[in-house]
Amino acid sequence: MIACHVAIAIGDKSDLFVETYGSSAFHILHGELYRSVTSLMLHADPLHLMGNIAGIAIFGTAVCTIMGWGVGWIMILATGIVGNLTNALLYESGHISIGASTAIFGAIGILSAHQFFQKFNPYGQKMKAVLPLACGLALLGILGSGKHTDVMAHLFGFLAGIVSGSLYSLSLIHISEPTRPLYISYAVLC
């Protein structure tokens, strides 16, 4: 992300890159699906970039520590893409956004869902299982809102993370311990 930002800043054409590669709802719905990926690499200024790098360092590392570096990064990227596509469906036109924060909130959603299933006990207190989801929502509210933020993209990234984290956790529940690494390697290859 730093290299991409520096390359764009040196060329002094950031507005052109945002128009061409930003997550424009109109253009995404008219077939330019690549924008849901490329917009994750664009940032408004160095402060925006540093905030997203910090978020990826904290939450991305946590996801990858739990799920493995390959699966973790694929899931984080997928939540960012799904969040941007869903946001485009909501707005339909007249909306453009940039930044990796949608993927960061996807990582928060993945972690929240994973912890929910780690703590869920059908015979015990269910409140302990709900706390990670509540904490994820609290982080969404604290970090994901502000003057120049795309709150809906953050929400959709978070929800995509909840879904993907749930699918990951549920798939591991049904797999015995010795076959987990083999299953995960097979899933990545598919």
# chains A, B, ... in the order shown; residues from 1 in each chain; ligands from 1
$ residues_around --residues "Tyr21 (chain A)" --least-positions-apart "6" --cutoff "10 Å" --atoms "only C-alpha atoms" --output "ChimeraX atom specification"
/A:15,27,32,34-42,96-98
$ residues_around --residues "Pro132 (chain A)" --least-positions-apart "5" --cutoff "9 Å" --atoms "only C-alpha atoms" --output "ChimeraX atom specification"
/A:111-116,119,137
$ write_last_selection --atoms "all heavy atoms" --output "PDB file, in the first residue's frame"
ATOM      1  N   LEU A 111     -12.513 -11.930  13.003  1.00  0.00           N
ATOM      2  CA  LEU A 111     -12.087 -12.206  14.384  1.00  0.00           C
ATOM      3  C   LEU A 111     -13.277 -12.331  15.331  1.00  0.00           C
ATOM      4  O   LEU A 111     -13.302 -13.209  16.201  1.00  0.00           O
ATOM      5  CB  LEU A 111     -11.146 -11.106  14.867  1.00  0.00           C
ATOM      6  CG  LEU A 111      -9.783 -11.055  14.195  1.00  0.00           C
ATOM      7  CD1 LEU A 111      -9.052  -9.764  14.572  1.00  0.00           C
ATOM      8  CD2 LEU A 111      -8.956 -12.275  14.540  1.00  0.00           C
ATOM      9  N   SER A 112     -14.256 -11.466  15.162  1.00  0.00           N
ATOM     10  CA  SER A 112     -15.451 -11.508  16.028  1.00  0.00           C
ATOM     11  C   SER A 112     -16.197 -12.825  15.869  1.00  0.00           C
ATOM     12  O   SER A 112     -16.585 -13.454  16.858  1.00  0.00           O
ATOM     13  CB  SER A 112     -16.382 -10.341  15.695  1.00  0.00           C
ATOM     14  OG  SER A 112     -15.775  -9.112  15.958  1.00  0.00           O
ATOM     15  N   ALA A 113     -16.400 -13.244  14.615  1.00  0.00           N
ATOM     16  CA  ALA A 113     -17.117 -14.500  14.367  1.00  0.00           C
ATOM     17  C   ALA A 113     -16.318 -15.693  14.881  1.00  0.00           C
ATOM     18  O   ALA A 113     -16.890 -16.615  15.485  1.00  0.00           O
ATOM     19  CB  ALA A 113     -17.397 -14.655  12.875  1.00  0.00           C
ATOM     20  N   HIS A 114     -15.026 -15.665  14.650  1.00  0.00           N
ATOM     21  CA  HIS A 114     -14.191 -16.780  15.111  1.00  0.00           C
ATOM     22  C   HIS A 114     -14.251 -16.906  16.636  1.00  0.00           C
ATOM     23  O   HIS A 114     -14.413 -18.012  17.166  1.00  0.00           O
ATOM     24  CB  HIS A 114     -12.747 -16.580  14.643  1.00  0.00           C
ATOM     25  CG  HIS A 114     -11.837 -17.672  15.078  1.00  0.00           C
ATOM     26  ND1 HIS A 114     -11.888 -18.938  14.528  1.00  0.00           N
ATOM     27  CD2 HIS A 114     -10.856 -17.705  16.016  1.00  0.00           C
ATOM     28  CE1 HIS A 114     -10.980 -19.694  15.122  1.00  0.00           C
ATOM     29  NE2 HIS A 114     -10.342 -18.966  16.016  1.00  0.00           N
ATOM     30  N   GLN A 115     -14.140 -15.786  17.341  1.00  0.00           N
ATOM     31  CA  GLN A 115     -14.202 -15.824  18.798  1.00  0.00           C
ATOM     32  C   GLN A 115     -15.596 -16.229  19.295  1.00  0.00           C
ATOM     33  O   GLN A 115     -15.713 -16.903  20.326  1.00  0.00           O
ATOM     34  CB  GLN A 115     -13.805 -14.466  19.382  1.00  0.00           C
ATOM     35  CG  GLN A 115     -12.329 -14.210  19.307  1.00  0.00           C
ATOM     36  CD  GLN A 115     -11.551 -15.249  20.090  1.00  0.00           C
ATOM     37  OE1 GLN A 115     -11.812 -15.493  21.264  1.00  0.00           O
ATOM     38  NE2 GLN A 115     -10.603 -15.877  19.430  1.00  0.00           N
ATOM     39  N   PHE A 116     -16.638 -15.838  18.564  1.00  0.00           N
ATOM     40  CA  PHE A 116     -17.988 -16.256  18.930  1.00  0.00           C
ATOM     41  C   PHE A 116     -18.069 -17.782  18.954  1.00  0.00           C
ATOM     42  O   PHE A 116     -18.559 -18.375  19.917  1.00  0.00           O
ATOM     43  CB  PHE A 116     -19.011 -15.694  17.939  1.00  0.00           C
ATOM     44  CG  PHE A 116     -20.390 -16.253  18.114  1.00  0.00           C
ATOM     45  CD1 PHE A 116     -21.234 -15.761  19.087  1.00  0.00           C
ATOM     46  CD2 PHE A 116     -20.831 -17.298  17.306  1.00  0.00           C
ATOM     47  CE1 PHE A 116     -22.511 -16.284  19.261  1.00  0.00           C
ATOM     48  CE2 PHE A 116     -22.100 -17.831  17.469  1.00  0.00           C
ATOM     49  CZ  PHE A 116     -22.947 -17.329  18.443  1.00  0.00           C
ATOM     50  N   LYS A 119     -16.093 -19.445  21.787  1.00  0.00           N
ATOM     51  CA  LYS A 119     -16.667 -19.286  23.125  1.00  0.00           C
ATOM     52  C   LYS A 119     -18.070 -19.868  23.260  1.00  0.00           C
ATOM     53  O   LYS A 119     -18.560 -20.041  24.368  1.00  0.00           O
ATOM     54  CB  LYS A 119     -16.696 -17.803  23.503  1.00  0.00           C
ATOM     55  CG  LYS A 119     -15.316 -17.195  23.619  1.00  0.00           C
ATOM     56  CD  LYS A 119     -15.390 -15.765  24.033  1.00  0.00           C
ATOM     57  CE  LYS A 119     -14.046 -15.112  24.094  1.00  0.00           C
ATOM     58  NZ  LYS A 119     -13.034 -15.784  24.858  1.00  0.00           N
ATOM     59  N   LEU A 137     -18.710  -4.777  16.942  1.00  0.00           N
ATOM     60  CA  LEU A 137     -19.614  -3.658  16.625  1.00  0.00           C
ATOM     61  C   LEU A 137     -19.138  -2.367  17.272  1.00  0.00           C
ATOM     62  O   LEU A 137     -19.248  -1.289  16.682  1.00  0.00           O
ATOM     63  CB  LEU A 137     -21.035  -3.982  17.070  1.00  0.00           C
ATOM     64  CG  LEU A 137     -21.812  -4.936  16.164  1.00  0.00           C
ATOM     65  CD1 LEU A 137     -23.125  -5.343  16.825  1.00  0.00           C
ATOM     66  CD2 LEU A 137     -22.061  -4.303  14.812  1.00  0.00           C
TER      67      LEU A 137
END
$ closest_residue --among "A:Val18, A:Ala100, A:Val71, A:Cys64" --to "Thr149 (chain A)" --atoms "only C-alpha atoms"
A:Ala100
$ select_by_dssp --residues "region 8-175 of chain A" --states "strand (DSSP E or B)" --output "list in words"
Ser23, Ser24, Ile96 and Ser97 of chain A
$ closest_residue --among "A:His148, A:Leu85, A:Ile10, A:Lys128" --to "Ala44 (chain A)" --atoms "only C-alpha atoms"
A:His148
$ select_by_dssp --residues "chain A" --states "helix (DSSP H, G or I)" --output "MDAnalysis selection string"
chainID A and resid 2:11 14:21 25:29 35:41 46:67 69:91 101:119 127:143 151:173 177:189
$ residues_around --residues "region 158-165 of chain A" --least-positions-apart "3" --cutoff "7 Å" --atoms "only C-alpha atoms" --output "list in words"
Thr79, Val82, Gly83, Phe105, Gly106, Ala107, Ile108, Gly109, Ile110, Leu111, Ser112, Ala113, His114, His154, Leu155, Tyr168 and Ser169 of chain A
$ write_last_selection --atoms "C-alpha atoms" --output "mmCIF file, in the first residue's frame"
data_model
loop_
_atom_site.group_PDB
_atom_site.id
_atom_site.type_symbol
_atom_site.label_atom_id
_atom_site.label_comp_id
_atom_site.auth_asym_id
_atom_site.auth_seq_id
_atom_site.Cartn_x
_atom_site.Cartn_y
_atom_site.Cartn_z
ATOM 1 C CA THR A 79 -14.206 -9.257 2.700
ATOM 2 C CA VAL A 82 -17.480 -8.086 -1.016
ATOM 3 C CA GLY A 83 -17.897 -4.980 1.150
ATOM 4 C CA PHE A 105 -13.384 -4.083 9.168
ATOM 5 C CA GLY A 106 -13.692 -7.404 7.367
ATOM 6 C CA ALA A 107 -10.767 -8.629 9.475
ATOM 7 C CA ILE A 108 -12.519 -7.372 12.619
ATOM 8 C CA GLY A 109 -15.646 -9.270 11.542
ATOM 9 C CA ILE A 110 -13.626 -12.437 10.915
ATOM 10 C CA LEU A 111 -12.087 -12.206 14.384
ATOM 11 C CA SER A 112 -15.451 -11.508 16.028
ATOM 12 C CA ALA A 113 -17.117 -14.500 14.367
ATOM 13 C CA HIS A 114 -14.191 -16.780 15.111
ATOM 14 C CA HIS A 154 -17.161 -0.372 6.735
ATOM 15 C CA LEU A 155 -20.399 -2.027 7.835
ATOM 16 C CA TYR A 168 -14.390 -20.832 8.438
ATOM 17 C CA SER A 169 -15.147 -21.612 12.084
#
$ atom_distance --atom1 "CA of Ala7 (chain A)" --atom2 "CA of Gly99 (chain A)"
15.5 Å
$ decode --residues "region 49-65 of chain A" --atoms "all heavy atoms" --output "PDB file, in the first residue's frame"
ATOM      1  N   LEU A  49      -3.474   6.616   4.853  1.00  0.00           N
ATOM      2  CA  LEU A  49      -2.653   5.441   4.591  1.00  0.00           C
ATOM      3  C   LEU A  49      -2.109   4.846   5.888  1.00  0.00           C
ATOM      4  O   LEU A  49      -2.199   3.631   6.111  1.00  0.00           O
ATOM      5  CB  LEU A  49      -1.496   5.806   3.650  1.00  0.00           C
ATOM      6  CG  LEU A  49      -0.467   4.722   3.377  1.00  0.00           C
ATOM      7  CD1 LEU A  49      -1.088   3.593   2.577  1.00  0.00           C
ATOM      8  CD2 LEU A  49       0.731   5.317   2.651  1.00  0.00           C
ATOM      9  N   MET A  50      -1.560   5.678   6.759  1.00  0.00           N
ATOM     10  CA  MET A  50      -0.977   5.192   8.006  1.00  0.00           C
ATOM     11  C   MET A  50      -2.035   4.563   8.916  1.00  0.00           C
ATOM     12  O   MET A  50      -1.771   3.562   9.586  1.00  0.00           O
ATOM     13  CB  MET A  50      -0.255   6.316   8.749  1.00  0.00           C
ATOM     14  CG  MET A  50       1.029   6.780   8.086  1.00  0.00           C
ATOM     15  SD  MET A  50       2.199   5.443   7.887  1.00  0.00           S
ATOM     16  CE  MET A  50       2.483   5.517   6.145  1.00  0.00           C
ATOM     17  N   GLY A  51      -3.219   5.143   8.948  1.00  0.00           N
ATOM     18  CA  GLY A  51      -4.300   4.558   9.738  1.00  0.00           C
ATOM     19  C   GLY A  51      -4.670   3.167   9.246  1.00  0.00           C
ATOM     20  O   GLY A  51      -4.870   2.237  10.040  1.00  0.00           O
ATOM     21  N   ASN A  52      -4.736   3.004   7.921  1.00  0.00           N
ATOM     22  CA  ASN A  52      -5.067   1.697   7.360  1.00  0.00           C
ATOM     23  C   ASN A  52      -3.933   0.696   7.548  1.00  0.00           C
ATOM     24  O   ASN A  52      -4.179  -0.488   7.780  1.00  0.00           O
ATOM     25  CB  ASN A  52      -5.448   1.821   5.885  1.00  0.00           C
ATOM     26  CG  ASN A  52      -6.869   2.315   5.712  1.00  0.00           C
ATOM     27  OD1 ASN A  52      -7.711   2.147   6.586  1.00  0.00           O
ATOM     28  ND2 ASN A  52      -7.151   2.922   4.582  1.00  0.00           N
ATOM     29  N   ILE A  53      -2.701   1.154   7.456  1.00  0.00           N
ATOM     30  CA  ILE A  53      -1.567   0.257   7.702  1.00  0.00           C
ATOM     31  C   ILE A  53      -1.589  -0.225   9.148  1.00  0.00           C
ATOM     32  O   ILE A  53      -1.361  -1.413   9.428  1.00  0.00           O
ATOM     33  CB  ILE A  53      -0.233   0.947   7.351  1.00  0.00           C
ATOM     34  CG1 ILE A  53      -0.107   1.061   5.837  1.00  0.00           C
ATOM     35  CG2 ILE A  53       0.952   0.187   7.934  1.00  0.00           C
ATOM     36  CD1 ILE A  53       1.080   1.870   5.369  1.00  0.00           C
ATOM     37  N   ALA A  54      -1.874   0.667  10.080  1.00  0.00           N
ATOM     38  CA  ALA A  54      -1.968   0.277  11.489  1.00  0.00           C
ATOM     39  C   ALA A  54      -3.092  -0.738  11.699  1.00  0.00           C
ATOM     40  O   ALA A  54      -2.918  -1.736  12.407  1.00  0.00           O
ATOM     41  CB  ALA A  54      -2.182   1.506  12.367  1.00  0.00           C
ATOM     42  N   GLY A  55      -4.237  -0.498  11.079  1.00  0.00           N
ATOM     43  CA  GLY A  55      -5.365  -1.430  11.205  1.00  0.00           C
ATOM     44  C   GLY A  55      -5.041  -2.803  10.637  1.00  0.00           C
ATOM     45  O   GLY A  55      -5.342  -3.830  11.250  1.00  0.00           O
ATOM     46  N   ILE A  56      -4.395  -2.819   9.472  1.00  0.00           N
ATOM     47  CA  ILE A  56      -4.005  -4.093   8.863  1.00  0.00           C
ATOM     48  C   ILE A  56      -2.961  -4.795   9.728  1.00  0.00           C
ATOM     49  O   ILE A  56      -3.008  -6.017   9.915  1.00  0.00           O
ATOM     50  CB  ILE A  56      -3.477  -3.869   7.424  1.00  0.00           C
ATOM     51  CG1 ILE A  56      -4.629  -3.574   6.467  1.00  0.00           C
ATOM     52  CG2 ILE A  56      -2.662  -5.060   6.935  1.00  0.00           C
ATOM     53  CD1 ILE A  56      -5.530  -4.744   6.178  1.00  0.00           C
ATOM     54  N   ALA A  57      -2.018  -4.022  10.261  1.00  0.00           N
ATOM     55  CA  ALA A  57      -0.975  -4.622  11.101  1.00  0.00           C
ATOM     56  C   ALA A  57      -1.585  -5.282  12.336  1.00  0.00           C
ATOM     57  O   ALA A  57      -1.183  -6.383  12.726  1.00  0.00           O
ATOM     58  CB  ALA A  57       0.046  -3.566  11.505  1.00  0.00           C
ATOM     59  N   ILE A  58      -2.553  -4.626  12.949  1.00  0.00           N
ATOM     60  CA  ILE A  58      -3.155  -5.158  14.180  1.00  0.00           C
ATOM     61  C   ILE A  58      -4.128  -6.292  13.875  1.00  0.00           C
ATOM     62  O   ILE A  58      -3.965  -7.415  14.350  1.00  0.00           O
ATOM     63  CB  ILE A  58      -3.860  -4.032  14.962  1.00  0.00           C
ATOM     64  CG1 ILE A  58      -2.839  -3.017  15.463  1.00  0.00           C
ATOM     65  CG2 ILE A  58      -4.666  -4.614  16.125  1.00  0.00           C
ATOM     66  CD1 ILE A  58      -3.430  -1.722  15.962  1.00  0.00           C
ATOM     67  N   PHE A  59      -5.155  -5.995  13.076  1.00  0.00           N
ATOM     68  CA  PHE A  59      -6.223  -6.968  12.869  1.00  0.00           C
ATOM     69  C   PHE A  59      -5.864  -8.014  11.820  1.00  0.00           C
ATOM     70  O   PHE A  59      -6.260  -9.174  11.936  1.00  0.00           O
ATOM     71  CB  PHE A  59      -7.523  -6.240  12.517  1.00  0.00           C
ATOM     72  CG  PHE A  59      -7.953  -5.286  13.581  1.00  0.00           C
ATOM     73  CD1 PHE A  59      -7.922  -3.911  13.363  1.00  0.00           C
ATOM     74  CD2 PHE A  59      -8.368  -5.740  14.814  1.00  0.00           C
ATOM     75  CE1 PHE A  59      -8.301  -3.025  14.360  1.00  0.00           C
ATOM     76  CE2 PHE A  59      -8.746  -4.862  15.820  1.00  0.00           C
ATOM     77  CZ  PHE A  59      -8.712  -3.503  15.586  1.00  0.00           C
ATOM     78  N   GLY A  60      -5.110  -7.612  10.796  1.00  0.00           N
ATOM     79  CA  GLY A  60      -4.680  -8.576   9.778  1.00  0.00           C
ATOM     80  C   GLY A  60      -3.738  -9.612  10.353  1.00  0.00           C
ATOM     81  O   GLY A  60      -3.834 -10.803  10.048  1.00  0.00           O
ATOM     82  N   THR A  61      -2.830  -9.176  11.196  1.00  0.00           N
ATOM     83  CA  THR A  61      -1.903 -10.112  11.835  1.00  0.00           C
ATOM     84  C   THR A  61      -2.652 -11.086  12.733  1.00  0.00           C
ATOM     85  O   THR A  61      -2.338 -12.283  12.759  1.00  0.00           O
ATOM     86  CB  THR A  61      -0.838  -9.343  12.642  1.00  0.00           C
ATOM     87  OG1 THR A  61      -0.132  -8.474  11.752  1.00  0.00           O
ATOM     88  CG2 THR A  61       0.140 -10.281  13.313  1.00  0.00           C
ATOM     89  N   ALA A  62      -3.645 -10.597  13.437  1.00  0.00           N
ATOM     90  CA  ALA A  62      -4.436 -11.482  14.304  1.00  0.00           C
ATOM     91  C   ALA A  62      -5.177 -12.535  13.481  1.00  0.00           C
ATOM     92  O   ALA A  62      -5.174 -13.721  13.836  1.00  0.00           O
ATOM     93  CB  ALA A  62      -5.418 -10.661  15.140  1.00  0.00           C
ATOM     94  N   VAL A  63      -5.790 -12.124  12.387  1.00  0.00           N
ATOM     95  CA  VAL A  63      -6.500 -13.078  11.527  1.00  0.00           C
ATOM     96  C   VAL A  63      -5.520 -14.117  10.990  1.00  0.00           C
ATOM     97  O   VAL A  63      -5.790 -15.320  11.015  1.00  0.00           O
ATOM     98  CB  VAL A  63      -7.219 -12.351  10.362  1.00  0.00           C
ATOM     99  CG1 VAL A  63      -7.713 -13.345   9.319  1.00  0.00           C
ATOM    100  CG2 VAL A  63      -8.387 -11.529  10.882  1.00  0.00           C
ATOM    101  N   CYS A  64      -4.388 -13.660  10.480  1.00  0.00           N
ATOM    102  CA  CYS A  64      -3.409 -14.577   9.877  1.00  0.00           C
ATOM    103  C   CYS A  64      -2.753 -15.487  10.896  1.00  0.00           C
ATOM    104  O   CYS A  64      -2.376 -16.613  10.572  1.00  0.00           O
ATOM    105  CB  CYS A  64      -2.373 -13.781   9.098  1.00  0.00           C
ATOM    106  SG  CYS A  64      -3.083 -12.974   7.648  1.00  0.00           S
ATOM    107  N   THR A  65      -2.629 -15.043  12.121  1.00  0.00           N
ATOM    108  CA  THR A  65      -2.088 -15.890  13.174  1.00  0.00           C
ATOM    109  C   THR A  65      -3.037 -17.052  13.464  1.00  0.00           C
ATOM    110  O   THR A  65      -2.604 -18.177  13.687  1.00  0.00           O
ATOM    111  CB  THR A  65      -1.843 -15.074  14.461  1.00  0.00           C
ATOM    112  OG1 THR A  65      -0.909 -14.032  14.164  1.00  0.00           O
ATOM    113  CG2 THR A  65      -1.303 -15.939  15.585  1.00  0.00           C
TER     114      THR A  65
END
